[in-house]
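Data file: run_0.txt. Format and content: compact mmCIF, C-alpha atoms.
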# COMPACT_ATOMS: atom_id res chain seq x y z
CA LYS A 23 83.54 118.57 88.03
CA ASN A 24 87.04 117.87 86.71
CA GLN A 25 89.53 118.38 89.51
CA VAL A 26 93.10 117.49 90.36
CA GLU A 27 94.04 117.48 94.05
CA GLN A 28 97.63 117.26 95.22
CA SER A 29 99.07 116.52 98.63
CA PRO A 30 100.88 117.56 100.63
CA GLN A 31 100.75 121.26 99.82
CA SER A 32 104.37 121.58 100.90
CA LEU A 33 107.05 119.22 102.11
CA ILE A 34 110.46 119.66 103.72
CA ILE A 35 112.98 116.81 103.75
CA LEU A 36 116.71 116.38 104.25
CA GLU A 37 119.03 115.89 101.32
CA GLY A 38 119.46 112.22 100.47
CA LYS A 39 116.05 111.17 101.76
CA ASN A 40 113.21 109.80 99.64
CA CYS A 41 109.74 111.29 99.37
CA THR A 42 106.41 110.61 97.70
CA LEU A 43 103.97 113.18 96.37
CA GLN A 44 100.30 112.35 95.81
CA CYS A 45 97.79 113.30 93.13
CA ASN A 46 94.09 112.40 93.10
CA TYR A 47 91.90 113.31 90.19
CA THR A 48 88.25 113.23 89.20
CA VAL A 49 88.84 113.98 85.53
CA SER A 50 86.76 112.01 83.03
CA PRO A 51 87.26 110.79 80.41
CA PHE A 52 90.91 110.34 81.18
CA SER A 53 93.51 110.82 78.46
CA ASN A 54 96.88 111.03 80.21
CA LEU A 55 98.56 112.20 83.40
CA ARG A 56 101.77 114.15 83.58
CA TRP A 57 104.06 115.30 86.34
CA TYR A 58 105.95 118.55 85.90
CA LYS A 59 108.75 120.16 87.88
CA GLN A 60 108.64 123.92 88.15
CA ASP A 61 111.61 125.80 89.52
CA THR A 62 110.88 129.17 91.09
CA GLY A 63 110.23 131.79 88.42
CA ARG A 64 110.52 129.29 85.58
CA GLY A 65 108.14 127.42 83.33
CA PRO A 66 107.14 123.81 84.16
CA VAL A 67 109.31 121.04 82.74
CA SER A 68 107.84 117.62 81.98
CA LEU A 69 109.08 114.69 84.12
CA THR A 70 106.77 111.85 83.11
CA ILE A 71 103.66 111.22 81.07
CA MET A 72 101.41 108.17 81.49
CA THR A 73 98.39 106.93 79.62
CA PHE A 74 95.55 104.80 80.93
CA SER A 75 97.39 101.52 80.40
CA GLU A 76 100.64 102.50 82.11
CA ASN A 77 101.19 101.85 85.82
CA THR A 78 104.74 103.06 86.29
CA LYS A 79 107.09 105.42 84.50
CA SER A 80 110.59 106.34 85.59
CA ASN A 81 112.84 109.25 84.72
CA GLY A 82 116.11 108.96 86.59
CA ARG A 83 115.43 109.39 90.31
CA TYR A 84 111.77 110.20 89.61
CA THR A 85 109.23 107.36 89.46
CA ALA A 86 105.56 108.02 88.78
CA THR A 87 102.78 105.51 89.37
CA LEU A 88 99.22 105.54 88.14
CA ASP A 89 96.17 103.64 89.38
CA ALA A 90 93.43 104.43 86.88
CA ASP A 91 90.85 102.49 88.91
CA THR A 92 91.26 104.61 92.03
CA LYS A 93 92.26 107.69 90.01
CA GLN A 94 95.42 108.20 91.98
CA SER A 95 98.99 108.91 90.99
CA SER A 96 102.17 109.35 92.96
CA LEU A 97 105.60 110.76 92.23
CA HIS A 98 108.45 109.17 94.17
CA ILE A 99 111.77 110.94 94.40
CA THR A 100 114.75 108.82 95.41
CA ALA A 101 117.90 110.10 97.10
CA SER A 102 116.80 113.72 96.98
CA GLN A 103 119.21 116.46 95.97
CA LEU A 104 119.20 120.18 96.69
CA SER A 105 118.27 120.79 93.05
CA ASP A 106 115.01 118.90 93.60
CA SER A 107 113.69 121.91 95.53
CA ALA A 108 110.81 123.04 93.33
CA SER A 109 107.07 122.79 92.83
CA TYR A 110 105.77 119.52 91.40
CA ILE A 111 102.58 119.79 89.42
CA CYS A 112 100.23 116.97 88.48
CA VAL A 113 98.38 117.58 85.21
CA VAL A 114 95.54 115.47 83.82
CA SER A 115 94.29 115.67 80.26
CA ALA A 116 90.78 114.84 79.12
CA TRP A 117 89.62 115.31 75.55
CA GLY A 118 91.72 118.40 74.91
CA LYS A 119 91.13 119.91 78.36
CA ILE A 120 94.18 120.18 80.57
CA ILE A 121 93.53 120.37 84.31
CA PHE A 122 96.35 121.45 86.60
CA GLY A 123 96.81 120.59 90.23
CA LYS A 124 97.98 123.36 92.55
CA GLY A 125 101.30 121.63 93.05
CA THR A 126 103.39 120.43 95.96
CA ARG A 127 106.16 122.73 97.06
CA LEU A 128 109.21 120.61 97.95
CA HIS A 129 112.11 121.99 99.98
CA ILE A 130 115.31 119.99 100.29
CA LEU A 131 117.50 120.93 103.25
CA PRO A 132 121.26 120.23 103.33
CA SER B 29 110.23 118.06 72.14
CA ALA B 30 110.01 121.78 71.47
CA VAL B 31 112.22 124.70 72.37
CA ILE B 32 110.15 127.68 73.39
CA SER B 33 111.67 131.11 73.79
CA GLN B 34 109.64 133.58 75.75
CA LYS B 35 110.51 137.18 76.41
CA PRO B 36 110.82 139.26 78.37
CA SER B 37 111.68 136.94 81.25
CA ARG B 38 110.57 139.57 83.73
CA ASP B 39 109.40 143.16 83.84
CA ILE B 40 108.22 145.78 86.28
CA CYS B 41 105.53 148.02 84.82
CA GLN B 42 103.54 151.04 85.87
CA ARG B 43 99.83 150.60 86.33
CA GLY B 44 97.80 151.72 83.33
CA THR B 45 100.46 150.70 80.83
CA SER B 46 100.56 147.62 78.58
CA LEU B 47 103.14 144.88 78.12
CA THR B 48 103.50 142.55 75.15
CA ILE B 49 105.01 139.11 75.76
CA GLN B 50 106.50 137.18 72.87
CA CYS B 51 106.63 133.42 72.38
CA GLN B 52 108.78 131.82 69.69
CA VAL B 53 108.80 128.04 69.02
CA ASP B 54 111.57 126.27 67.12
CA SER B 55 109.09 124.23 65.04
CA GLN B 56 105.61 124.63 63.63
CA VAL B 57 102.90 123.75 66.12
CA THR B 58 99.15 123.77 65.78
CA MET B 59 98.20 124.40 69.39
CA MET B 60 99.63 127.33 71.34
CA PHE B 61 98.28 128.47 74.67
CA TRP B 62 98.74 131.29 77.14
CA TYR B 63 98.54 130.66 80.88
CA ARG B 64 98.66 132.82 83.97
CA GLN B 65 100.06 131.64 87.28
CA GLN B 66 99.34 133.90 90.22
CA PRO B 67 101.54 133.62 93.31
CA GLY B 68 101.05 130.28 95.05
CA GLN B 69 98.38 129.21 92.59
CA SER B 70 98.01 126.68 89.82
CA LEU B 71 98.19 127.55 86.15
CA THR B 72 95.05 129.10 84.65
CA LEU B 73 94.42 129.00 80.92
CA ILE B 74 93.86 132.47 79.46
CA ALA B 75 93.29 131.56 75.83
CA THR B 76 94.17 129.36 72.89
CA ALA B 77 96.11 131.24 70.21
CA ASN B 78 94.72 130.29 66.80
CA GLN B 79 96.74 130.84 63.66
CA GLY B 80 94.82 132.93 61.15
CA SER B 81 91.84 133.65 63.38
CA GLU B 82 90.89 135.23 66.68
CA ALA B 83 92.07 133.60 69.90
CA THR B 84 89.65 131.51 71.94
CA TYR B 85 89.34 132.94 75.45
CA GLU B 86 88.46 131.10 78.64
CA SER B 87 85.79 132.31 81.00
CA GLY B 88 86.94 135.39 82.87
CA PHE B 89 89.37 136.56 80.20
CA VAL B 90 88.53 139.00 77.41
CA ILE B 91 90.24 140.14 74.25
CA ASP B 92 90.31 143.81 75.24
CA LYS B 93 92.37 142.99 78.32
CA PHE B 94 94.53 140.22 76.83
CA PRO B 95 94.81 140.70 73.06
CA ILE B 96 96.65 137.82 71.38
CA SER B 97 98.30 137.58 67.99
CA ARG B 98 99.30 134.41 66.12
CA PRO B 99 100.67 135.45 62.73
CA ASN B 100 102.17 132.02 61.95
CA LEU B 101 102.66 128.53 63.36
CA THR B 102 105.83 129.37 65.31
CA PHE B 103 105.07 132.72 66.96
CA SER B 104 102.51 134.34 69.23
CA THR B 105 102.20 137.40 71.43
CA LEU B 106 100.10 138.14 74.50
CA THR B 107 99.48 141.73 75.56
CA VAL B 108 98.43 142.58 79.09
CA SER B 109 96.58 145.87 78.69
CA ASN B 110 95.85 148.70 81.10
CA MET B 111 97.68 146.83 83.85
CA SER B 112 96.82 146.93 87.54
CA PRO B 113 98.66 145.35 90.49
CA GLU B 114 96.22 142.41 90.27
CA ASP B 115 97.83 141.49 86.95
CA SER B 116 101.12 140.72 88.69
CA SER B 117 101.71 137.08 87.80
CA ILE B 118 103.83 134.70 85.82
CA TYR B 119 102.60 134.43 82.23
CA LEU B 120 103.46 131.23 80.37
CA CYS B 121 103.34 130.25 76.73
CA SER B 122 102.70 126.56 76.02
CA VAL B 123 102.54 124.25 73.02
CA THR B 124 100.99 120.80 72.85
CA TRP B 125 101.77 117.93 70.54
CA ALA B 126 99.12 115.56 69.25
CA PHE B 127 99.87 113.01 72.00
CA GLY B 128 99.02 115.60 74.58
CA GLU B 129 102.39 116.41 76.11
CA ALA B 130 102.69 120.11 76.81
CA PHE B 131 105.88 122.14 76.76
CA PHE B 132 106.21 125.50 78.41
CA GLY B 133 108.25 128.61 77.89
CA GLN B 134 110.36 129.81 80.78
CA GLY B 135 107.68 132.31 81.75
CA THR B 136 107.43 136.07 82.11
CA ARG B 137 107.35 137.35 85.67
CA LEU B 138 105.31 140.55 85.63
CA THR B 139 105.15 142.97 88.53
CA VAL B 140 102.79 145.92 88.27
CA VAL B 141 103.46 148.84 90.58
What is this structure when it is put down as C-alpha cells?
Amino acid sequence: KNQVEQSPQSLIILEGKNCTLQCNYTVSPFSNLRWYKQDTGRGPVSLTIMTFSENTKSNGRYTATLDADTKQSSLHITASQLSDSASYICVVSAWGKIIFGKGTRLHILP
Amino acid sequence: SAVISQKPSRDICQRGTSLTIQCQVDSQVTMMFWYRQQPGQSLTLIATANQGSEATYESGFVIDKFPISRPNLTFSTLTVSNMSPEDSSIYLCSVTWAFGEAFFGQGTRLTVV
C-alpha cells in the first residue's frame, strides 16, 4: 500500500534554533518527492521537489534530503523564524498518483 | 509556476444549502484537481476536473454531492451540495505541470452550521 508517514506529528522549538522533520514512504514506483509549507487556513506552497537521482535540495533556510534506497526524506530548517510556524507536508508522486503525508505541525516560540 | 485564484476564501453556510467554489488559473493547464482537508488531517483528493468531459471521482466521493464543472483549461468550479456539518473543511484547487509539481489555491475554509 502506498503510504507517506511523517514525524514528529508536532514540534515546538525556540526562535533561532534548527530542526529536522522526517518523512518515510512506501510509494512505488517513485516519481518525485516534494515538501510543502502550509500556513494555517491557506493552501500548501512548494518548498522543494526532488527526483530519484537527487540527494539534496536547498531553498534558502530549508534543505531537503532524499535517500531513495531507504525511502526516507528529511527537511532541515536552519535558524528558525516565527514565520516558519506552519504545517510541513511531505508529498510523494508515483505514476500520476499523489500521496500526501499528514504533515508535521511546527510551532516557533519567541 | 502558476497563479491560482480561489474564491470564496471562507464561508459559513446553513446545513442543507449548497456552495460553489471557483478556481481560476492564470495559464492553461491540463490537470486540475479538487482536494478536501479536514481539520488536522492530510489532503484527500475528491476528483480530477476534466475539460470537456465529466470529472473523475475518487472512492467515497460522488457527483451528486460534489458536482464539478471545467468549461475551459483555466477555470473550474466545485459545488458542495446539501451540506452538513461533516462537510466543514478546507477545499483546495490544485494544478499539476507535466514534471509533477503541484500548485495549490489558497483554499476555501467552509463551516457548516
>> Using only C-alpha atoms, list the residues that have an atom at most 9 Å from (97.2, 153.8, 84.4), coordinates as in the file, as JSON, numbers by chain.
In response: {"B": [42, 43, 44, 45, 110, 111, 112]}
> Could you list, as a list in words, every residue of chain A that has an atom within 6 Å of an atom of chain B, counting only C-alpha atoms?
Replying inline: Arg64, Gly65 and Lys124 of chain A
>> I want to know what sits within 7 Å of Gln28 (chain A), based on all atoms listed in the file, with residues of the same chain fewer than 5 positions away left out; could you give that as a PyMOL selection string?
In response: chain A and resi 44-46+123-126
> Do you know which residues are at most 8 Å from Ser109 (chain B) counting all atoms listed in the file, after dropping those on the same chain fewer than 4 positions away, and could you put them as a ChimeraX atom specification?
Replying inline: /B:44-47,92-95
> Restricting the calculation to only C-alpha atoms, which member of A:Ser109, A:Thr85, A:Ser95, A:Ser115 is positioned closest to Lys59 (chain A)?
Replying inline: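 The shortest atom-to-atom distance to Lys59 (chain A) comes from A:Ser109.
Using only C-alpha atoms, the shortest contact distance between Thr87 (chain A) and any of A:Tyr47, A:Trp57, A:Phe122, A:Tyr110 is found at A:Trp57.
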> Can you list, as number ranges by chain, every protein, DNA or RNA residue that comes within 12 Å of Leu128 (chain A) when you count only C-alpha atoms, leaving out same-chain residues fewer than 5 positions away?
Replying inline: A: 29-37, 40-43, 59-62, 97, 99, 102-111
>> Report, in Å to a single decimal, how far apart CA of Val123 (chain B) and CA of Gly63 (chain A) are.
In response: 18.8 Å
> With distances taken over only C-alpha atoms, which of B:Glu86, B:Pro67, B:Ser81, B:Thr102 is nearest to Val31 (chain B)?
Replying inline: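 For Val31 (chain B), the nearest of the given residues is B:Thr102.
Compared by their closest atoms to Val49 (chain A), and using all atoms listed in the file, the residues A:Ile120, A:Asn77, A:Thr100, A:Arg83 rank with A:Ile120 nearest.
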> Can you tell me, as number ranges by chain, what residues are no more than 8 Å from Ala77 (chain B) when counting only C-alpha atoms, ignoring any on the same chain fewer than 6 positions away?
Replying inline: B: 59-62, 83-84, 96-98, 104
Would you compute, for all listed atoms of region 115-122 of chain B, the axis-aligned bounding box grown by 8 Å on each side, and then report its centre and edge lengths in Å rounded to one decimal, as lines of an AutoDock Vina configuration file?
center_x = 100.8
center_y = 134.0
center_z = 82.4
size_x = 22.0
size_y = 30.9
size_z = 28.7
> What separation in Å, quoted to one decimal, exists between CA of Ser96 (chain A) and CA of Arg64 (chain B)?
Replying inline: 25.4 Å
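If you look at CA of Gln79 (chain B) and CA of Lys35 (chain B), they are 19.8 Å away from each other.
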